[in-house]
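Enquirer: Sharing start05.txt, compact mmCIF, C-alpha atoms:
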```
# COMPACT_ATOMS: atom_id res chain seq x y z
CA MET A 1 15.08 -48.68 0.66
CA LYS A 2 13.09 -46.41 -1.56
CA ILE A 3 13.83 -43.18 -3.39
CA ILE A 4 11.29 -41.13 -5.27
CA ILE A 5 12.51 -38.10 -7.17
CA SER A 6 9.98 -35.35 -7.75
CA ASN A 7 10.44 -32.66 -10.36
CA GLN A 8 7.87 -30.57 -8.55
CA SER A 9 9.87 -30.51 -5.35
CA GLU A 10 11.53 -27.29 -4.29
CA LEU A 11 14.49 -29.36 -3.08
CA PRO A 12 17.32 -30.08 -5.51
CA ILE A 13 17.62 -33.74 -6.45
CA TYR A 14 20.68 -34.43 -4.28
CA ALA A 15 18.77 -33.07 -1.27
CA GLN A 16 15.72 -35.20 -2.06
CA ILE A 17 17.90 -38.32 -2.09
CA LYS A 18 19.67 -37.28 1.08
CA GLU A 19 16.47 -36.48 2.99
CA GLN A 20 14.78 -39.70 1.96
CA LEU A 21 17.74 -41.83 2.96
CA LYS A 22 18.04 -39.92 6.23
CA GLU A 23 14.36 -40.47 6.98
CA GLN A 24 14.67 -44.20 6.34
CA ILE A 25 17.81 -44.46 8.46
CA LEU A 26 16.17 -42.56 11.32
CA ASN A 27 13.00 -44.66 11.30
CA GLY A 28 14.96 -47.89 11.00
CA GLN A 29 13.78 -48.93 7.54
CA ILE A 30 17.44 -48.91 6.58
CA PRO A 31 19.05 -50.68 9.55
CA GLU A 32 22.38 -49.64 11.01
CA GLY A 33 25.31 -51.63 9.73
CA SER A 34 23.69 -52.17 6.34
CA THR A 35 25.53 -51.24 3.17
CA LEU A 36 24.02 -48.67 0.83
CA PRO A 37 24.27 -49.17 -2.94
CA SER A 38 27.39 -47.60 -4.42
CA ILE A 39 27.20 -44.02 -5.66
CA ARG A 40 27.36 -45.18 -9.27
CA GLN A 41 24.85 -47.97 -8.80
CA LEU A 42 22.39 -45.59 -7.18
CA ALA A 43 22.86 -42.99 -9.95
CA LYS A 44 22.10 -45.65 -12.53
CA GLU A 45 19.07 -47.04 -10.72
CA VAL A 46 17.48 -43.69 -9.96
CA GLY A 47 18.48 -42.20 -13.32
CA VAL A 48 20.37 -39.19 -11.98
CA SER A 49 23.93 -38.00 -12.43
CA VAL A 50 26.88 -39.39 -10.50
CA ILE A 51 27.69 -35.93 -9.15
CA THR A 52 24.18 -35.75 -7.70
CA THR A 53 24.40 -39.03 -5.77
CA THR A 54 27.97 -38.23 -4.72
CA ARG A 55 26.77 -35.04 -3.09
CA ALA A 56 23.89 -36.82 -1.31
CA TYR A 57 26.29 -39.39 0.15
CA SER A 58 28.95 -36.87 1.17
CA ASP A 59 26.30 -34.82 2.99
CA LEU A 60 25.04 -37.94 4.81
CA GLU A 61 28.62 -38.71 5.70
CA ALA A 62 29.23 -35.18 7.01
CA GLU A 63 26.14 -35.49 9.19
CA GLY A 64 27.39 -38.76 10.63
CA PHE A 65 24.78 -41.12 9.17
CA ILE A 66 27.07 -43.15 6.97
CA ALA A 67 30.74 -43.89 6.54
CA THR A 68 32.29 -44.61 3.17
CA MET A 69 35.24 -46.92 2.92
CA GLN A 70 37.20 -47.24 -0.27
CA GLY A 71 36.19 -50.46 -1.98
CA LYS A 72 33.73 -51.40 0.75
CA GLY A 73 30.95 -48.98 -0.03
CA SER A 74 28.92 -46.85 2.34
CA VAL A 75 27.74 -48.30 5.64
CA VAL A 76 24.96 -46.95 7.85
CA LEU A 77 26.48 -45.98 11.19
CA SER A 78 25.22 -46.86 14.61
CA LYS A 79 22.54 -44.63 16.10
CA ASP A 80 24.80 -44.03 19.11
CA SER A 81 27.28 -41.95 17.18
CA GLY A 82 27.22 -38.41 18.53
CA ILE A 83 25.85 -36.48 15.58
CA VAL A 84 23.13 -38.98 14.80
CA ARG A 85 22.08 -39.10 18.44
CA GLY A 86 21.76 -35.34 18.29
CA GLN A 87 19.40 -35.70 15.33
CA TYR A 88 17.32 -38.22 17.29
CA LEU A 89 17.14 -35.95 20.32
CA ALA A 90 15.99 -33.11 18.11
CA ARG A 91 13.32 -35.36 16.68
CA VAL A 92 12.05 -36.48 20.10
CA GLU A 93 12.02 -32.89 21.31
CA GLU A 94 10.07 -31.84 18.26
CA GLY A 95 7.46 -34.53 18.95
CA LEU A 96 7.14 -33.50 22.58
CA ALA A 97 6.86 -29.84 21.64
CA THR A 98 4.00 -30.65 19.29
CA ALA A 99 2.25 -32.56 22.09
CA VAL A 100 2.70 -29.67 24.52
CA SER A 101 1.50 -26.98 22.15
CA THR A 102 -1.52 -29.03 21.05
CA ALA A 103 -2.37 -29.71 24.71
CA ARG A 104 -2.16 -26.00 25.59
CA MET A 105 -4.25 -25.09 22.59
CA VAL A 106 -7.15 -27.29 23.66
CA GLY A 107 -6.76 -26.54 27.40
CA ILE A 108 -5.34 -29.83 28.65
CA THR A 109 -3.66 -29.16 31.99
CA ASP A 110 -0.01 -29.88 32.65
CA ALA A 111 -1.02 -32.52 35.18
CA GLU A 112 -3.24 -34.28 32.65
CA LEU A 113 -0.47 -34.12 30.08
CA THR A 114 2.10 -35.57 32.50
CA GLY A 115 -0.40 -38.29 33.34
CA MET A 116 -0.81 -39.15 29.67
CA PHE A 117 2.92 -39.20 29.18
CA GLU A 118 3.52 -41.52 32.13
CA LYS A 119 0.74 -43.81 31.00
CA LEU A 120 2.32 -44.04 27.56
CA LEU A 121 5.74 -44.76 29.01
CA HIS A 122 4.23 -47.41 31.22
CA ALA A 123 2.36 -49.03 28.35
CA GLU A 124 5.51 -49.08 26.22
CA ARG A 125 7.47 -50.73 28.98
CA LYS A 126 5.00 -53.57 29.23
CA MET B 1 41.70 -38.68 -13.50
CA GLU B 2 40.75 -36.94 -16.74
CA LEU B 3 39.61 -39.01 -19.69
CA LEU B 4 39.09 -36.19 -22.16
CA GLU B 5 41.07 -32.95 -22.13
CA VAL B 6 40.26 -30.24 -24.63
CA LYS B 7 42.49 -27.18 -24.55
CA ASN B 8 41.94 -23.97 -26.53
CA LEU B 9 40.51 -25.86 -29.46
CA GLY B 10 39.76 -23.75 -32.51
CA LYS B 11 39.31 -23.73 -36.24
CA LYS B 12 38.46 -21.06 -38.77
CA TYR B 13 36.10 -21.64 -41.67
CA LYS B 14 34.97 -19.26 -44.37
CA ASP B 15 31.87 -18.11 -42.53
CA PHE B 16 32.28 -19.68 -39.11
CA ARG B 17 34.86 -19.72 -36.40
CA LEU B 18 35.20 -22.15 -33.52
CA GLU B 19 37.15 -20.43 -30.81
CA ASP B 20 38.95 -21.36 -27.63
CA ILE B 21 36.96 -24.42 -26.55
CA SER B 22 38.42 -25.81 -23.31
CA PHE B 23 37.11 -28.39 -20.87
CA THR B 24 38.01 -31.59 -19.10
CA LEU B 25 35.85 -34.64 -18.58
CA PRO B 26 36.95 -36.98 -15.77
CA LYS B 27 36.65 -40.75 -15.97
CA GLY B 28 33.19 -42.07 -15.20
CA TYR B 29 31.15 -38.96 -15.97
CA ILE B 30 28.76 -37.63 -18.61
CA MET B 31 29.00 -34.21 -20.22
CA GLY B 32 26.23 -32.62 -22.21
CA TYR B 33 27.57 -30.50 -25.08
CA VAL B 34 24.78 -28.13 -25.74
CA GLY B 35 23.98 -25.50 -28.32
CA GLN B 36 21.61 -24.46 -31.06
CA ASN B 37 21.89 -25.88 -34.56
CA GLY B 38 24.93 -24.33 -36.22
CA SER B 39 26.58 -23.34 -32.94
CA GLY B 40 29.66 -25.52 -33.53
CA LYS B 41 28.76 -28.73 -31.68
CA THR B 42 29.42 -31.12 -34.53
CA THR B 43 32.54 -29.18 -35.54
CA THR B 44 33.94 -29.67 -32.05
CA LEU B 45 33.11 -33.38 -32.06
CA ASN B 46 34.69 -33.79 -35.50
CA LEU B 47 37.88 -32.21 -34.22
CA ILE B 48 37.93 -34.55 -31.22
CA THR B 49 37.33 -37.65 -33.37
CA HIS B 50 39.92 -36.26 -35.79
CA VAL B 51 37.66 -36.27 -38.82
CA TYR B 52 39.17 -32.82 -39.30
CA LYS B 53 42.45 -31.57 -37.97
CA ALA B 54 42.25 -28.76 -35.46
CA ALA B 55 44.01 -25.53 -36.38
CA GLU B 56 44.51 -24.45 -32.79
CA GLY B 57 44.64 -26.22 -29.47
CA GLU B 58 45.04 -29.74 -28.24
CA VAL B 59 42.89 -32.79 -27.47
CA ARG B 60 43.89 -35.70 -25.26
CA VAL B 61 41.89 -38.89 -24.80
CA ASP B 62 43.11 -40.92 -21.83
CA GLY B 63 46.27 -38.85 -21.84
CA LEU B 64 47.01 -39.53 -25.50
CA ARG B 65 47.06 -37.07 -28.42
CA TYR B 66 46.13 -38.26 -31.91
CA GLU B 67 49.68 -37.55 -33.05
CA ASP B 68 51.09 -39.79 -30.30
CA ASP B 69 49.36 -42.94 -31.53
CA PRO B 70 46.55 -42.49 -34.08
CA VAL B 71 45.36 -46.11 -33.94
CA ARG B 72 45.08 -46.28 -30.18
CA TYR B 73 43.60 -42.80 -30.01
CA LEU B 74 40.77 -43.76 -32.35
CA GLU B 75 40.26 -47.18 -30.77
CA ASN B 76 39.54 -45.46 -27.46
CA ILE B 77 36.67 -43.51 -28.99
CA GLY B 78 33.20 -44.78 -29.87
CA TYR B 79 31.09 -42.47 -32.00
CA ILE B 80 27.37 -42.48 -32.70
CA GLY B 81 25.93 -39.75 -34.88
CA GLU B 82 22.53 -38.83 -36.11
CA GLY B 83 22.82 -40.63 -39.44
CA PHE B 84 23.07 -44.37 -39.88
CA GLN B 85 26.55 -45.77 -40.20
CA PHE B 86 26.12 -49.14 -41.91
CA PRO B 87 25.35 -49.93 -45.57
CA SER B 88 21.62 -50.46 -45.94
CA ASP B 89 21.79 -54.02 -47.35
CA PHE B 90 23.79 -55.30 -44.37
CA THR B 91 22.39 -57.78 -41.88
CA LEU B 92 23.91 -58.44 -38.42
CA LYS B 93 26.12 -61.07 -40.04
CA GLU B 94 27.91 -58.56 -42.29
CA ILE B 95 28.15 -56.07 -39.48
CA ARG B 96 30.01 -58.60 -37.34
CA ILE B 97 32.49 -59.25 -40.16
CA VAL B 98 33.08 -55.58 -40.91
CA MET B 99 33.40 -54.53 -37.25
CA ARG B 100 35.84 -57.38 -36.59
CA SER B 101 38.02 -56.34 -39.53
CA PHE B 102 38.08 -52.70 -38.41
CA TYR B 103 38.49 -53.43 -34.72
CA PRO B 104 40.46 -56.59 -33.87
CA ASP B 105 39.17 -56.48 -30.29
CA PHE B 106 35.51 -56.41 -31.38
CA ASP B 107 33.78 -58.75 -28.93
CA ILE B 108 31.31 -60.88 -30.93
CA PRO B 109 29.69 -62.72 -27.97
CA ARG B 110 29.11 -59.33 -26.31
CA PHE B 111 27.62 -57.98 -29.57
CA ASN B 112 25.29 -61.00 -29.80
CA GLU B 113 24.23 -60.57 -26.21
CA LEU B 114 23.37 -56.90 -26.78
CA ALA B 115 21.63 -57.63 -30.09
CA GLY B 116 19.51 -60.20 -28.26
CA ARG B 117 18.73 -57.82 -25.44
CA PHE B 118 17.70 -55.07 -27.88
CA GLY B 119 15.62 -57.51 -29.92
CA LEU B 120 17.57 -56.89 -33.14
CA PRO B 121 16.51 -59.37 -35.84
CA GLU B 122 19.36 -61.52 -37.17
CA LYS B 123 18.19 -61.88 -40.76
CA LYS B 124 16.60 -58.53 -41.49
CA ARG B 125 18.46 -55.97 -43.59
CA VAL B 126 19.27 -52.91 -41.55
CA SER B 127 17.44 -50.73 -44.09
CA ALA B 128 14.24 -52.27 -42.71
CA PHE B 129 15.14 -51.39 -39.12
CA SER B 130 13.06 -48.75 -37.34
CA GLN B 131 14.93 -45.68 -36.17
CA GLY B 132 14.94 -46.96 -32.61
CA MET B 133 16.37 -50.30 -33.75
CA SER B 134 19.05 -48.54 -35.84
CA VAL B 135 20.21 -46.50 -32.89
CA LYS B 136 20.26 -49.58 -30.67
CA LEU B 137 22.28 -51.42 -33.32
CA MET B 138 24.86 -48.65 -33.28
CA PHE B 139 25.02 -48.85 -29.51
CA ALA B 140 25.48 -52.63 -29.65
CA ALA B 141 28.32 -52.18 -32.18
CA VAL B 142 30.06 -49.56 -30.03
CA PHE B 143 29.57 -51.37 -26.72
CA ALA B 144 31.13 -54.53 -28.17
CA ARG B 145 34.37 -52.59 -28.67
CA GLN B 146 36.87 -51.68 -25.96
CA THR B 147 36.27 -47.93 -26.02
CA LYS B 148 36.83 -45.50 -23.18
CA LEU B 149 35.09 -42.42 -24.52
CA LEU B 150 31.69 -42.43 -26.14
CA ILE B 151 30.84 -39.44 -28.32
CA LEU B 152 27.21 -38.98 -29.23
CA ASP B 153 26.14 -36.39 -31.77
CA GLU B 154 22.40 -35.87 -31.50
CA ALA B 155 22.13 -39.65 -31.27
CA THR B 156 18.71 -39.68 -29.65
CA ASN B 157 17.02 -37.43 -32.23
CA GLY B 158 13.95 -39.02 -33.71
CA LEU B 159 13.66 -41.68 -31.03
CA ASP B 160 10.33 -42.20 -29.33
CA PRO B 161 10.24 -41.58 -25.57
CA VAL B 162 10.49 -45.26 -24.67
CA ALA B 163 13.54 -45.90 -26.86
CA ARG B 164 15.07 -42.66 -25.60
CA GLN B 165 14.68 -43.77 -21.99
CA GLU B 166 16.31 -47.09 -22.86
CA VAL B 167 19.24 -45.28 -24.44
CA LEU B 168 19.71 -43.13 -21.35
CA GLY B 169 19.84 -46.31 -19.29
CA LEU B 170 22.53 -47.68 -21.61
CA LEU B 171 24.59 -44.53 -21.19
CA GLN B 172 24.46 -44.85 -17.42
CA GLU B 173 25.46 -48.48 -17.73
CA TYR B 174 28.46 -47.47 -19.85
CA ILE B 175 29.88 -45.12 -17.23
CA ALA B 176 28.87 -47.23 -14.21
CA ASP B 177 32.33 -48.75 -13.68
CA GLY B 178 33.87 -45.30 -13.29
CA GLU B 179 36.32 -45.87 -16.15
CA HIS B 180 34.26 -44.71 -19.14
CA SER B 181 33.00 -41.25 -20.04
CA ILE B 182 30.47 -39.79 -22.44
CA LEU B 183 30.39 -36.55 -24.39
CA PHE B 184 26.83 -36.07 -25.58
CA SER B 185 25.88 -33.29 -27.96
CA THR B 186 22.26 -32.33 -28.20
CA HIS B 187 19.89 -29.46 -28.58
CA ILE B 188 17.18 -31.35 -26.70
CA LEU B 189 18.28 -30.86 -23.16
CA ARG B 190 15.47 -32.63 -21.47
CA ASP B 191 17.12 -35.80 -22.71
CA LEU B 192 20.09 -35.52 -20.52
CA GLU B 193 18.98 -33.08 -17.89
CA GLN B 194 18.90 -35.82 -15.26
CA ILE B 195 21.90 -37.95 -16.13
CA ALA B 196 24.48 -35.35 -17.22
CA ASP B 197 27.16 -34.44 -14.69
CA TYR B 198 28.54 -31.47 -16.60
CA ILE B 199 27.07 -29.05 -19.11
CA TYR B 200 29.13 -27.24 -21.71
CA PHE B 201 27.13 -24.65 -23.53
CA ILE B 202 28.37 -23.25 -26.83
CA ASP B 203 26.90 -20.57 -29.07
CA ASP B 204 28.22 -19.21 -32.36
CA GLY B 205 31.48 -21.11 -31.90
CA ARG B 206 32.17 -19.73 -28.45
CA THR B 207 31.75 -20.90 -24.88
CA VAL B 208 28.74 -19.51 -23.08
CA MET B 209 29.02 -21.53 -19.90
CA TYR B 210 30.59 -24.66 -18.53
CA ASP B 211 29.86 -26.09 -15.10
CA ALA B 212 28.61 -29.06 -13.15
CA LYS B 213 24.91 -29.35 -13.94
CA ASP B 214 23.88 -29.33 -10.29
CA GLU B 215 25.81 -26.08 -9.79
CA LEU B 216 24.08 -24.43 -12.75
CA LEU B 217 20.67 -25.47 -11.49
CA GLU B 218 21.46 -24.15 -8.05
CA ASN B 219 23.14 -20.96 -9.15
CA TYR B 220 20.23 -19.59 -11.16
CA LEU B 221 16.61 -18.77 -10.51
CA LEU B 222 13.82 -18.37 -13.01
CA VAL B 223 12.21 -15.00 -12.37
CA LYS B 224 8.80 -13.93 -13.66
CA GLY B 225 6.67 -10.90 -13.04
CA GLU B 226 4.50 -8.17 -14.44
CA LEU B 227 6.03 -5.53 -16.70
CA ALA B 228 5.40 -2.72 -14.17
CA LEU B 229 8.09 -4.28 -11.93
CA LEU B 230 10.68 -4.20 -14.68
CA ASP B 231 12.56 -0.99 -13.91
CA ASP B 232 16.23 -0.28 -14.60
CA THR B 233 17.37 -1.63 -11.22
CA LEU B 234 15.66 -4.94 -11.84
CA ARG B 235 16.88 -5.11 -15.45
CA GLU B 236 20.43 -4.96 -14.15
CA GLN B 237 19.87 -8.06 -11.99
CA LEU B 238 18.35 -10.18 -14.74
CA ILE B 239 19.85 -12.23 -17.54
CA GLY B 240 18.11 -12.64 -20.91
CA ILE B 241 14.86 -10.81 -20.25
CA GLU B 242 12.01 -12.11 -22.36
CA GLU B 243 9.09 -9.65 -22.46
CA HIS B 244 5.59 -10.41 -23.61
CA ALA B 245 2.40 -8.38 -23.52
CA TYR B 246 1.48 -9.36 -19.97
CA GLY B 247 4.78 -9.92 -18.20
CA PHE B 248 8.42 -10.93 -18.39
CA GLU B 249 10.59 -13.94 -17.74
CA ALA B 250 14.36 -14.07 -17.14
CA VAL B 251 16.97 -15.83 -15.04
CA ALA B 252 18.94 -14.29 -12.19
CA PRO B 253 21.85 -15.53 -10.09
CA SER B 254 20.41 -17.25 -7.00
CA ASP B 255 22.52 -15.13 -4.65
CA ARG B 256 20.61 -12.06 -5.83
CA ALA B 257 17.29 -13.49 -4.69
CA ASP B 258 17.09 -11.11 -1.74
CA MET B 259 17.59 -8.07 -3.94
CA LEU B 260 14.66 -8.82 -6.22
CA PRO B 261 11.56 -6.68 -5.69
CA ARG B 262 8.50 -8.01 -3.96
CA GLY B 263 5.91 -9.36 -6.37
CA VAL B 264 8.22 -11.27 -8.70
CA VAL B 265 7.78 -15.03 -8.85
CA CYS B 266 10.96 -17.09 -8.40
CA GLU B 267 11.11 -20.70 -9.52
CA LYS B 268 13.63 -23.48 -9.88
CA PRO B 269 14.68 -23.37 -13.54
CA ASP B 270 15.44 -26.37 -15.71
CA ILE B 271 18.55 -26.40 -17.89
CA ASP B 272 16.55 -25.49 -21.01
CA GLN B 273 15.27 -22.32 -19.40
CA ILE B 274 18.76 -21.29 -18.28
CA VAL B 275 20.06 -21.89 -21.80
CA ILE B 276 17.22 -19.98 -23.50
CA HIS B 277 17.79 -16.88 -21.39
CA PHE B 278 21.56 -17.02 -21.83
CA ILE B 279 21.11 -17.10 -25.61
CA LYS B 280 18.66 -14.24 -25.40
CA ASN B 281 21.17 -12.29 -23.32
CA LYS B 282 23.99 -12.93 -25.76
CA ASN B 283 21.96 -11.93 -28.81
CA ARG B 284 21.08 -8.64 -27.19
CA ALA B 285 24.66 -7.83 -26.27
```
Take the structure in the file and give it back as structure tokens.

Expert:
Amino acid sequence: MKIIISNQSELPIYAQIKEQLKEQILNGQIPEGSTLPSIRQLAKEVGVSVITTTRAYSDLEAEGFIATMQGKGSVVLSKDSGIVRGQYLARVEEGLATAVSTARMVGITDAELTGMFEKLLHAERK
Amino acid sequence: MELLEVKNLGKKYKDFRLEDISFTLPKGYIMGYVGQNGSGKTTTLNLITHVYKAAEGEVRVDGLRYEDDPVRYLENIGYIGEGFQFPSDFTLKEIRIVMRSFYPDFDIPRFNELAGRFGLPEKKRVSAFSQGMSVKLMFAAVFARQTKLLILDEATNGLDPVARQEVLGLLQEYIADGEHSILFSTHILRDLEQIADYIYFIDDGRTVMYDAKDELLENYLLVKGELALLDDTLREQLIGIEEHAYGFEAVAPSDRADMLPRGVVCEKPDIDQIVIHFIKNKNRA
């Protein structure tokens, strides 16, 4: 787990923490089922206020990434939970959309694109 | 659960009046008490620590008023001010003896552990301590007591950046268990911009603003632009307009962002900038 706070960022600090944790949860660097540091521990480590880390965690909770249990800390939820799955779908769609628009831009035909996609799927499966 | 409750606190002096100071500080949080020199910061802190008796209002520390139980009230509070609080010919040995006699629950092993961690020399007289070492000594003395509320009055003034950073770390350690709180007065906001949960801003004995720091930072924008843009409509939107030969700078409520004219530059302010423009605004009024 890593968190880097930038004073140059347009995002408020709580949002920077939230986005970075979200990114690491989505790409698996923070595995599901793992326990995040407590709100107070994180505030101390990163050198930000408790209110700031509290807000980051409550936003992650509202978006379905983590669950906080009194005395047990905050646990990263399974990727199958509805809201998180929605976030993954959005991400996949975004990636595909980029592929499609880039392909169109340079004149790759739909058939070629489908071929590439199937080849990739095939390669992954092996 | 509130650790510190200040209600309508006030006191009149010959040429200064502290008026209607009210706030609450919950357990486990840090509040920055901010204002210019002479704004009433130290007066407020002295009323809380009961160096002086308040003429108006009420203070509770962990639910207790001074009048309810003076000894317990004062034992709950740790205070570190700008000046040094031990006689100059003392060494750590004398400090242990004196602290123990003042505070029966003074934890000597804990004090030794902190003194070791801060690299405080055992045999040296405290008059030979650097400023950074003196401040750390005061922290060691306070942290070895069973306090609940730490009151700091410009305690980081004169510290170099490294020592300052260390002190901020200590403050975060103090509140980490969620049971302790800190009231931190300063005119150097950068010090506590990151770690403070709440900001109380006082000027000329009166409250200017009081909010969670994150709210303040989100609720205001720093607005800059050329003087030609500064018409009456824009002036009405802005707080504390600072004009110079080639442009202006002010703050504006973030929810007005859409109403600002094209051509102005909007930035995320820091707390210092918000405070400067609020003072400017008040002085003009």

Enquirer: Which neighbours of Leu137 of chain B fall inside 9 Å, counting only C-alpha atoms, when residues of the same chain fewer than 2 positions from it are skipped, and could you give them as a short mmCIF file (atom, residue, chain, number, x, y, z; two decimals) with C-alpha atoms, keeping the file's coordinate frame?

Expert:
```cif
data_model
loop_
_atom_site.label_atom_id
_atom_site.label_comp_id
_atom_site.auth_asym_id
_atom_site.auth_seq_id
_atom_site.Cartn_x
_atom_site.Cartn_y
_atom_site.Cartn_z
CA LEU B 92 23.91 -58.44 -38.42
CA LEU B 114 23.37 -56.90 -26.78
CA ALA B 115 21.63 -57.63 -30.09
CA PHE B 118 17.70 -55.07 -27.88
CA LEU B 120 17.57 -56.89 -33.14
CA VAL B 126 19.27 -52.91 -41.55
CA GLY B 132 14.94 -46.96 -32.61
CA MET B 133 16.37 -50.30 -33.75
CA SER B 134 19.05 -48.54 -35.84
CA VAL B 135 20.21 -46.50 -32.89
CA PHE B 139 25.02 -48.85 -29.51
CA ALA B 140 25.48 -52.63 -29.65
CA ALA B 141 28.32 -52.18 -32.18
CA VAL B 142 30.06 -49.56 -30.03
#
```

Enquirer: Would you mind reading off the distance between atom CA of Glu243 of chain B and atom CA of Leu221 of chain B, one decimal, in Å?

Expert: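 Distance reported for this atom pair: 16.8 Å.
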
Enquirer: Return as a count of residues only the residues belonging to chain A that are within 8 Å of chain B, counting all atoms listed in the file.

Expert: 12

Enquirer: May I ask for the distance between atom CA of Ala245 of chain B and atom CA of Leu230 of chain B, given in Å to one decimal place?

Expert: 12.8 Å

Enquirer: Adding 8 Å on each side of the box along x, y and z that holds all listed atoms of segment 56-63 of chain A, could you give its centre and edge lengths in Å to one decimal, as JSON?

Expert:
```
{"center_x": 26.6, "center_y": -37.1, "center_z": 3.9, "size_x": 21.3, "size_y": 20.6, "size_z": 26.5}
```

Enquirer: How would you write as a PyMOL selection string the residues that get within 12 Å of (44.9, -39.1, -30.7) in the file's frame, counting all atoms listed in the file?

Expert: chain B and resi 4-6+47-51+53-54+58-77

Enquirer: Might you pull out every residue within 12 Å of Ala155 of chain B, with all atoms listed in the file counted and same-chain residues fewer than 2 positions away left off, and present them as a PyMOL selection string?

Expert: chain B and resi 42+79-85+131-132+134-139+150-153+157-159+163-164+167-168+171+183-188+191-192

Enquirer: Give me, as a list in words, all polymer residues having an atom no more than 12 Å from Gly28 of chain A, counting all atoms listed in the file and skipping those fewer than 4 positions away in the same chain.

Expert: Met1, Leu21, Lys22, Glu23, Gln24, Glu32, Gly33, Ser34, Val76, Leu77, Ser78, Lys79 and Tyr88 of chain A

Enquirer: With C-alpha atoms retained, export the selected residues as an mmCIF file, in the frame of the given file.

Expert:
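Contents of selection06.cif, freshly written:
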```cif
data_model
loop_
_atom_site.group_PDB
_atom_site.id
_atom_site.type_symbol
_atom_site.label_atom_id
_atom_site.label_comp_id
_atom_site.auth_asym_id
_atom_site.auth_seq_id
_atom_site.Cartn_x
_atom_site.Cartn_y
_atom_site.Cartn_z
ATOM 1 C CA MET A 1 15.080 -48.680 0.660
ATOM 2 C CA LEU A 21 17.740 -41.830 2.960
ATOM 3 C CA LYS A 22 18.040 -39.920 6.230
ATOM 4 C CA GLU A 23 14.360 -40.470 6.980
ATOM 5 C CA GLN A 24 14.670 -44.200 6.340
ATOM 6 C CA GLU A 32 22.380 -49.640 11.010
ATOM 7 C CA GLY A 33 25.310 -51.630 9.730
ATOM 8 C CA SER A 34 23.690 -52.170 6.340
ATOM 9 C CA VAL A 76 24.960 -46.950 7.850
ATOM 10 C CA LEU A 77 26.480 -45.980 11.190
ATOM 11 C CA SER A 78 25.220 -46.860 14.610
ATOM 12 C CA LYS A 79 22.540 -44.630 16.100
ATOM 13 C CA TYR A 88 17.320 -38.220 17.290
#
```

Enquirer: Could you give me, as an MDAnalysis selection string, the residues within 12 Å of Thr114 of chain A, counting all atoms listed in the file and dropping anything in the same chain fewer than 4 positions from it?

Expert: chainID A and resid 96 99:100 103 108:110 118:121

Enquirer: Need the shell around Ile83 of chain A: protein/DNA/RNA residues with any atom at most 12 Å away, counting all atoms listed in the file. Skip same-chain ones fewer than 4 positions apart. Format as a PyMOL selection string?

Expert: chain A and resi 60-66+77-79+87-90

Enquirer: If you measure from atom CA of Met259 of chain B to atom CA of Gln273 of chain B, what distance in Å do you get, rounded to one decimal?

Expert: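 These two atoms are separated by 21.2 Å.
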
Enquirer: Do you know which residues lie at most 6 Å from (22.8, -33.0, -4.2), with coordinates as in the file and only C-alpha atoms counted, and could you write them as number ranges by chain?

Expert: A: 13-15, 52, 55-56

Enquirer: Residues as selected, C-alpha atoms, written as an mmCIF file, keeping the file's coordinate frame, can you do that?

Expert:
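Output saved as selection10.cif:
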```cif
data_model
loop_
_atom_site.group_PDB
_atom_site.id
_atom_site.type_symbol
_atom_site.label_atom_id
_atom_site.label_comp_id
_atom_site.auth_asym_id
_atom_site.auth_seq_id
_atom_site.Cartn_x
_atom_site.Cartn_y
_atom_site.Cartn_z
ATOM 1 C CA ILE A 13 17.620 -33.740 -6.450
ATOM 2 C CA TYR A 14 20.680 -34.430 -4.280
ATOM 3 C CA ALA A 15 18.770 -33.070 -1.270
ATOM 4 C CA THR A 52 24.180 -35.750 -7.700
ATOM 5 C CA ARG A 55 26.770 -35.040 -3.090
ATOM 6 C CA ALA A 56 23.890 -36.820 -1.310
#
```

Enquirer: Using only C-alpha atoms, pick whichever of B:Thr44, B:Gln237, B:Asn37, B:Asn8 has the shortest atom-to-atom distance to Asp258 of chain B.

Expert: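 Between B:Thr44, B:Gln237, B:Asn37, B:Asn8, the residue approaching Asp258 of chain B most closely is B:Gln237.
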
Enquirer: Using all atoms listed in the file, find the one residue out of A:Ile3, A:Ala111, A:Leu36, A:Met105 that sits nearest to Ala67 of chain A.

Expert: A:Leu36

Enquirer: Since the input is missing atoms for segment 102-107 of chain A, could you rebuild it with N, CA and C atoms and give the result as a short mmCIF file (atom, residue, chain, number, x, y, z; two decimals), in the coordinates of the input?

Expert:
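So the final result, stored in out.cif, reads:
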```cif
data_model
loop_
_atom_site.label_atom_id
_atom_site.label_comp_id
_atom_site.auth_asym_id
_atom_site.auth_seq_id
_atom_site.Cartn_x
_atom_site.Cartn_y
_atom_site.Cartn_z
N THR A 102 -0.15 -28.59 21.33
CA THR A 102 -1.52 -29.03 21.05
C THR A 102 -2.33 -29.08 22.35
N ALA A 103 -1.70 -29.61 23.42
CA ALA A 103 -2.37 -29.71 24.71
C ALA A 103 -2.80 -28.32 25.23
N ARG A 104 -1.87 -27.36 25.14
CA ARG A 104 -2.16 -26.00 25.59
C ARG A 104 -3.31 -25.40 24.80
N MET A 105 -3.26 -25.66 23.49
CA MET A 105 -4.25 -25.09 22.59
C MET A 105 -5.66 -25.53 22.97
N VAL A 106 -5.81 -26.79 23.35
CA VAL A 106 -7.15 -27.29 23.66
C VAL A 106 -7.41 -27.32 25.17
N GLY A 107 -6.50 -26.71 25.98
CA GLY A 107 -6.76 -26.54 27.40
C GLY A 107 -6.54 -27.77 28.25
#
```
